[in-house]
file model13.cif (mmCIF, C-alpha atoms)
data_target
loop_
_atom_site.label_atom_id
_atom_site.label_comp_id
_atom_site.auth_asym_id
_atom_site.auth_seq_id
_atom_site.Cartn_x
_atom_site.Cartn_y
_atom_site.Cartn_z
CA MET A 1 -27.48 163.73 109.27
CA THR A 2 -28.19 167.42 109.35
CA ASP A 3 -30.60 169.68 111.17
CA VAL A 4 -30.85 171.96 108.16
CA ALA A 5 -34.35 171.86 106.67
CA PRO A 6 -36.76 174.11 104.78
CA ALA A 7 -38.89 176.41 106.95
CA SER A 8 -41.94 174.78 108.57
CA LEU A 9 -45.09 176.56 107.42
CA PRO A 10 -48.84 176.45 107.94
CA ALA A 11 -51.21 175.41 105.14
CA PRO A 12 -51.62 177.94 102.29
CA PRO A 13 -52.65 180.57 101.54
CA TYR A 14 -49.79 182.74 102.81
CA TYR A 15 -47.32 185.08 101.15
CA ALA A 16 -43.74 184.57 99.99
CA VAL A 17 -41.30 187.43 99.46
CA VAL A 18 -38.57 186.20 97.12
CA PHE A 19 -35.43 188.34 97.29
CA THR A 20 -32.72 187.44 94.77
CA ALA A 21 -29.51 189.44 94.97
CA VAL A 22 -25.91 189.64 93.84
CA ARG A 23 -23.49 191.13 96.40
CA THR A 24 -20.77 193.69 95.85
CA ALA A 25 -17.21 192.77 96.94
CA GLY A 26 -16.34 193.07 100.65
CA ASP A 27 -18.56 192.98 103.72
CA ASN A 28 -19.12 196.73 104.33
CA GLY A 29 -21.25 196.01 107.39
CA TYR A 30 -23.52 193.59 105.57
CA ALA A 31 -23.11 190.56 107.84
CA GLU A 32 -23.98 192.42 111.05
CA THR A 33 -27.00 194.18 109.55
CA GLY A 34 -28.16 191.02 107.78
CA GLU A 35 -28.14 189.09 111.04
CA ARG A 36 -29.98 191.91 112.81
CA MET A 37 -32.63 192.03 110.05
CA MET A 38 -33.19 188.27 110.26
CA LYS A 39 -33.81 188.54 114.02
CA LEU A 40 -35.97 191.62 113.69
CA ALA A 41 -38.07 190.12 110.87
CA ALA A 42 -38.66 186.97 112.95
CA ASP A 43 -40.14 189.17 115.71
CA GLN A 44 -42.69 190.86 113.45
CA PRO A 45 -46.40 189.96 113.60
CA GLY A 46 -47.31 187.66 110.73
CA PHE A 47 -43.78 186.38 110.10
CA LEU A 48 -43.98 182.65 109.32
CA GLY A 49 -40.44 181.62 108.41
CA VAL A 50 -37.44 182.21 106.15
CA ASP A 51 -35.05 180.22 103.95
CA SER A 52 -31.80 181.63 102.64
CA ALA A 53 -28.95 180.40 100.44
CA ARG A 54 -25.99 182.04 98.73
CA GLY A 55 -24.03 180.19 96.08
CA ALA A 56 -20.33 180.35 95.23
CA ASN A 57 -21.11 182.60 92.23
CA GLY A 58 -22.40 185.34 94.57
CA LEU A 59 -26.11 184.95 93.81
CA GLY A 60 -28.18 184.74 96.98
CA ILE A 61 -31.86 183.91 97.41
CA THR A 62 -33.83 184.69 100.57
CA VAL A 63 -37.48 183.68 100.74
CA SER A 64 -39.44 184.98 103.72
CA TYR A 65 -42.98 183.83 104.41
CA TRP A 66 -45.76 186.01 105.82
CA ARG A 67 -49.34 185.55 106.91
CA ASP A 68 -50.79 188.31 104.74
CA GLU A 69 -50.08 191.51 102.81
CA GLU A 70 -50.58 193.61 105.92
CA SER A 71 -47.70 191.93 107.74
CA ILE A 72 -45.43 192.45 104.70
CA ALA A 73 -46.42 196.12 104.53
CA ALA A 74 -45.75 196.62 108.26
CA TRP A 75 -42.28 195.06 108.00
CA ARG A 76 -41.60 197.14 104.92
CA SER A 77 -42.29 200.32 106.89
CA HIS A 78 -40.18 199.34 109.94
CA ALA A 79 -37.64 202.16 110.44
CA GLU A 80 -34.58 199.91 110.85
CA HIS A 81 -35.60 197.91 107.78
CA ILE A 82 -35.96 201.08 105.68
CA LEU A 83 -32.46 202.13 106.74
CA ALA A 84 -31.04 198.68 105.94
CA ARG A 85 -32.63 198.70 102.47
CA ALA A 86 -31.08 202.09 101.73
CA ARG A 87 -27.66 200.74 102.74
CA GLY A 88 -28.29 197.74 100.51
CA ARG A 89 -28.78 199.92 97.45
CA GLU A 90 -25.85 202.12 98.41
CA HIS A 91 -23.27 199.50 99.38
CA TRP A 92 -24.17 195.83 99.32
CA TYR A 93 -25.88 194.87 96.10
CA THR A 94 -24.85 194.87 92.46
CA SER A 95 -28.37 193.91 91.48
CA PHE A 96 -31.45 192.45 93.07
CA ALA A 97 -35.03 191.49 92.33
CA LEU A 98 -37.90 191.25 94.77
CA HIS A 99 -41.10 189.32 94.12
CA VAL A 100 -44.17 189.37 96.36
CA ALA A 101 -46.27 186.29 95.71
CA LYS A 102 -49.33 184.60 97.16
CA VAL A 103 -48.65 180.92 97.84
CA GLU A 104 -51.61 178.93 96.56
CA ARG A 105 -50.37 175.43 97.29
CA ALA A 106 -47.37 173.77 98.87
CA TYR A 107 -46.08 170.38 99.87
CA GLY A 108 -43.05 168.96 101.60
CA PHE A 109 -41.01 165.80 101.82
CA THR A 110 -38.88 164.46 104.64
CA ARG A 111 -36.82 161.32 104.11
CA PRO A 112 -37.86 158.56 106.51
CA ALA A 113 -35.18 157.84 109.11
CA GLU A 114 -32.80 155.01 108.12
CA LEU A 115 -33.30 151.86 110.22
CA MET B 1 -17.80 193.05 87.90
CA THR B 2 -19.88 189.98 87.41
CA ASP B 3 -22.40 188.77 84.84
CA VAL B 4 -24.38 186.98 87.52
CA ALA B 5 -27.80 188.61 87.98
CA PRO B 6 -31.34 187.68 88.97
CA ALA B 7 -33.54 186.35 86.16
CA SER B 8 -35.05 188.99 83.87
CA LEU B 9 -38.83 188.76 83.95
CA PRO B 10 -41.88 190.39 82.41
CA ALA B 11 -44.29 192.50 84.49
CA PRO B 12 -46.50 190.54 86.93
CA PRO B 13 -48.70 188.64 87.21
CA TYR B 14 -46.77 185.41 86.66
CA TYR B 15 -46.06 182.35 88.79
CA ALA B 16 -43.09 181.41 90.95
CA VAL B 17 -42.30 177.83 91.97
CA VAL B 18 -40.08 177.96 95.05
CA PHE B 19 -38.21 174.69 95.63
CA THR B 20 -36.21 174.55 98.86
CA ALA B 21 -34.20 171.39 99.45
CA VAL B 22 -31.48 169.78 101.52
CA ARG B 23 -29.29 167.28 99.66
CA THR B 24 -28.15 163.87 100.79
CA ALA B 25 -24.39 163.14 100.78
CA GLY B 26 -22.72 162.27 97.46
CA ASP B 27 -23.75 163.09 93.91
CA ASN B 28 -25.62 159.88 92.93
CA GLY B 29 -26.30 161.22 89.44
CA TYR B 30 -27.76 164.48 90.71
CA ALA B 31 -25.50 166.93 88.83
CA GLU B 32 -26.14 165.40 85.40
CA THR B 33 -29.91 165.16 85.89
CA GLY B 34 -30.09 168.61 87.46
CA GLU B 35 -28.35 170.15 84.47
CA ARG B 36 -30.62 168.25 82.08
CA MET B 37 -33.75 169.40 83.96
CA MET B 38 -32.61 173.04 83.85
CA LYS B 39 -32.19 172.82 80.05
CA LEU B 40 -35.44 170.94 79.57
CA ALA B 41 -37.44 173.36 81.76
CA ALA B 42 -36.05 176.32 79.82
CA ASP B 43 -37.47 174.77 76.62
CA GLN B 44 -41.02 174.43 77.97
CA PRO B 45 -43.80 176.77 76.83
CA GLY B 46 -44.44 179.43 79.47
CA PHE B 47 -41.03 179.16 81.14
CA LEU B 48 -39.88 182.67 82.06
CA GLY B 49 -36.64 182.19 84.00
CA VAL B 50 -34.91 180.55 86.97
CA ASP B 51 -32.64 181.50 89.86
CA SER B 52 -30.79 178.94 91.95
CA ALA B 53 -28.43 179.02 94.92
CA ARG B 54 -27.03 176.39 97.28
CA GLY B 55 -25.30 177.43 100.49
CA ALA B 56 -22.41 175.81 102.33
CA ASN B 57 -24.86 174.28 104.85
CA GLY B 58 -26.46 172.18 102.09
CA LEU B 59 -29.72 174.11 101.79
CA GLY B 60 -30.55 174.98 98.19
CA ILE B 61 -33.25 177.23 96.79
CA THR B 62 -34.40 177.15 93.18
CA VAL B 63 -37.08 179.57 92.04
CA SER B 64 -38.49 179.01 88.57
CA TYR B 65 -40.88 181.49 86.98
CA TRP B 66 -43.80 180.58 84.72
CA ARG B 67 -46.40 182.42 82.70
CA ASP B 68 -49.39 180.65 84.20
CA GLU B 69 -50.65 177.57 86.03
CA GLU B 70 -51.10 175.67 82.77
CA SER B 71 -47.39 175.88 81.95
CA ILE B 72 -46.49 174.67 85.47
CA ALA B 73 -48.92 171.75 85.12
CA ALA B 74 -47.51 170.80 81.71
CA TRP B 75 -43.92 170.79 83.03
CA ARG B 76 -45.06 168.82 86.05
CA SER B 77 -46.43 166.09 83.76
CA HIS B 78 -43.35 165.90 81.49
CA ALA B 79 -42.17 162.27 81.55
CA GLU B 80 -38.49 163.01 82.17
CA HIS B 81 -39.39 165.44 84.93
CA ILE B 82 -41.61 162.86 86.64
CA LEU B 83 -38.72 160.39 86.56
CA ALA B 84 -36.28 162.97 87.94
CA ARG B 85 -38.64 163.82 90.80
CA ALA B 86 -38.91 160.15 91.73
CA ARG B 87 -35.11 159.89 91.82
CA GLY B 88 -35.04 163.01 93.97
CA ARG B 89 -37.22 161.42 96.63
CA GLU B 90 -35.33 158.15 96.39
CA HIS B 91 -31.74 159.40 96.35
CA TRP B 92 -31.02 163.11 96.38
CA TYR B 93 -32.99 164.90 99.04
CA THR B 94 -33.12 164.68 102.82
CA SER B 95 -36.04 167.07 102.82
CA PHE B 96 -37.66 169.57 100.54
CA ALA B 97 -40.57 171.98 100.30
CA LEU B 98 -42.26 173.24 97.17
CA HIS B 99 -44.42 176.36 97.00
CA VAL B 100 -46.47 177.45 94.00
CA ALA B 101 -47.18 181.17 94.23
CA LYS B 102 -48.73 183.87 92.10
CA VAL B 103 -46.42 186.90 91.86
CA GLU B 104 -48.52 190.00 92.38
CA ARG B 105 -45.78 192.62 92.25
CA ALA B 106 -42.05 192.78 91.68
CA TYR B 107 -39.25 195.27 91.31
CA GLY B 108 -35.58 195.19 90.57
CA PHE B 109 -32.41 197.18 91.14
CA THR B 110 -29.22 197.34 89.12
CA ARG B 111 -26.27 199.38 90.39
CA PRO B 112 -25.36 202.16 87.99
CA ALA B 113 -21.99 201.55 86.30
CA GLU B 114 -19.04 203.20 88.07
CA LEU B 115 -17.59 206.14 86.16
#
call {"tool": "encode", "arguments": {"input": "model13.cif", "output": "structure tokens"}}
result
Amino acid sequence: MTDVAPASLPAPPYYAVVFTAVRTAGDNGYAETGERMMKLAADQPGFLGVDSARGANGLGITVSYWRDEESIAAWRSHAEHILARARGREHWYTSFALHVAKVERAYGFTRPAEL
Amino acid sequence: MTDVAPASLPAPPYYAVVFTAVRTAGDNGYAETGERMMKLAADQPGFLGVDSARGANGLGITVSYWRDEESIAAWRSHAEHILARARGREHWYTSFALHVAKVERAYGFTRPAEL
């Protein structure tokens, strides 16, 4: 068994920020800043949760969930986050795409425990 | 350099289906069906693109992009897809979450080629 599971979220509507990115070679300070950004984001008003995965081919997807557009805008204008994004363009990413989307419906599944 | 990159998409609005899932142990026919579903989805009217990543901890994220709700509904009612989803609940997933979201804005970044 594993404790890994998708983020627990309230009922829609809420917002999803889908960040899809391919990394450059080497760490170049990415791991430390990435960890700091995850912690900082989780402390922001309106933050609901985050899921993240990076495959062996280097493509990573991070989906963060937010209560509304205002909370996304506030996080976007956080000074440390602005700095981290600049470093991302300069050092860490070969390419990325960011999508801001309003979640209209959602459902989940959890396997019943084995007897 | 790598050819891996986020999906190329038209300007918003369009829809994103965010599927976040934790796998059970073993393949149990997952790889073959997963590959078939990717090909089949790409052939559906209104399919715009897909990004997928699975991390070492077993959490996977697949984001497929669609022109509108009608194309999502049509894919959802495709017979082979219905069967695959049933097998997913029965065999392949410990837990999953699915979010249907309308993308309101998006932007991308591609690192300029090194001289």
call {"tool": "residues_around", "arguments": {"input": "model13.cif", "residues": "Arg76 (chain A)", "least_positions_apart": "2", "cutoff": "12 Å", "atoms": "only C-alpha atoms", "output": "JSON, numbers by chain"}}
result
{"A": [17, 37, 40, 41, 44, 66, 69, 70, 71, 72, 73, 74, 78, 79, 80, 81, 82, 83, 84, 85, 100]}
call {"tool": "resolve_selection", "arguments": {"input": "model13.cif", "expression": "the PyMOL selection byres ((chain B) within 8 of (chain A))", "output": "JSON, numbers by chain"}}
result
{"B": [4, 5, 6, 15, 16, 20, 21, 22, 51, 52, 53, 54, 55, 56, 57, 58, 59, 60, 61, 89, 93, 94, 95, 96, 97, 98, 99, 100, 101, 102, 103, 104, 105, 106, 107, 108, 109, 110, 111]}
call {"tool": "atom_distance", "arguments": {"input": "model13.cif", "atom1": "CA of Ser64 (chain B)", "atom2": "CA of Ala42 (chain A)"}}
result
25.6 Å
call {"tool": "atom_distance", "arguments": {"input": "model13.cif", "atom1": "CA of Met38 (chain A)", "atom2": "CA of Trp75 (chain A)"}}
result
11.6 Å
call {"tool": "axis_aligned_box", "arguments": {"input": "model13.cif", "around": "region 87-101 of chain B", "padding_each_side": "4 Å", "output": "JSON"}}
result
{"center_x": -39.1, "center_y": 169.7, "center_z": 97.3, "size_x": 24.2, "size_y": 31.0, "size_z": 19.0}
call {"tool": "atom_distance", "arguments": {"input": "model13.cif", "atom1": "CA of Ala31 (chain B)", "atom2": "CA of Val50 (chain A)"}}
result
26.0 Å
call {"tool": "build_atoms", "arguments": {"input": "model13.cif", "residues": "region 74-91 of chain A", "atoms": "N, CA and C atoms", "output": "CSV table (one decimal), in the coordinates of the input"}}
result
chain,number,residue,atom,x,y,z
A,74,ALA,N,-46.2,196.1,107.0
A,74,ALA,CA,-45.8,196.6,108.3
A,74,ALA,C,-44.2,196.5,108.4
A,75,TRP,N,-43.7,195.3,108.0
A,75,TRP,CA,-42.3,195.1,108.0
A,75,TRP,C,-41.6,196.0,107.0
A,76,ARG,N,-42.2,196.2,105.9
A,76,ARG,CA,-41.6,197.1,104.9
A,76,ARG,C,-41.5,198.6,105.5
A,77,SER,N,-42.3,198.9,106.4
A,77,SER,CA,-42.3,200.3,106.9
A,77,SER,C,-41.6,200.4,108.3
A,78,HIS,N,-41.0,199.3,108.7
A,78,HIS,CA,-40.2,199.3,109.9
A,78,HIS,C,-38.9,200.2,109.7
A,79,ALA,N,-38.7,201.2,110.6
A,79,ALA,CA,-37.6,202.2,110.4
A,79,ALA,C,-36.3,201.5,110.2
A,80,GLU,N,-35.9,200.5,111.0
A,80,GLU,CA,-34.6,199.9,110.8
A,80,GLU,C,-34.5,199.2,109.5
A,81,HIS,N,-35.6,198.6,109.1
A,81,HIS,CA,-35.6,197.9,107.8
A,81,HIS,C,-35.4,198.9,106.6
A,82,ILE,N,-36.1,200.0,106.7
A,82,ILE,CA,-36.0,201.1,105.7
A,82,ILE,C,-34.5,201.5,105.5
A,83,LEU,N,-33.9,201.7,106.7
A,83,LEU,CA,-32.5,202.1,106.7
A,83,LEU,C,-31.6,201.0,106.1
A,84,ALA,N,-31.8,199.8,106.5
A,84,ALA,CA,-31.0,198.7,105.9
A,84,ALA,C,-31.2,198.6,104.4
A,85,ARG,N,-32.4,198.8,103.9
A,85,ARG,CA,-32.6,198.7,102.5
A,85,ARG,C,-31.9,199.8,101.7
A,86,ALA,N,-31.8,201.0,102.3
A,86,ALA,CA,-31.1,202.1,101.7
A,86,ALA,C,-29.6,201.8,101.7
A,87,ARG,N,-29.1,201.1,102.7
A,87,ARG,CA,-27.7,200.7,102.7
A,87,ARG,C,-27.4,199.6,101.7
A,88,GLY,N,-28.4,198.8,101.5
A,88,GLY,CA,-28.3,197.7,100.5
A,88,GLY,C,-28.1,198.3,99.1
A,89,ARG,N,-28.9,199.3,98.8
A,89,ARG,CA,-28.8,199.9,97.4
A,89,ARG,C,-27.5,200.7,97.3
A,90,GLU,N,-27.0,201.3,98.5
A,90,GLU,CA,-25.8,202.1,98.4
A,90,GLU,C,-24.6,201.3,98.4
A,91,HIS,N,-24.5,200.2,99.1
A,91,HIS,CA,-23.3,199.5,99.4
A,91,HIS,C,-23.2,198.0,99.0
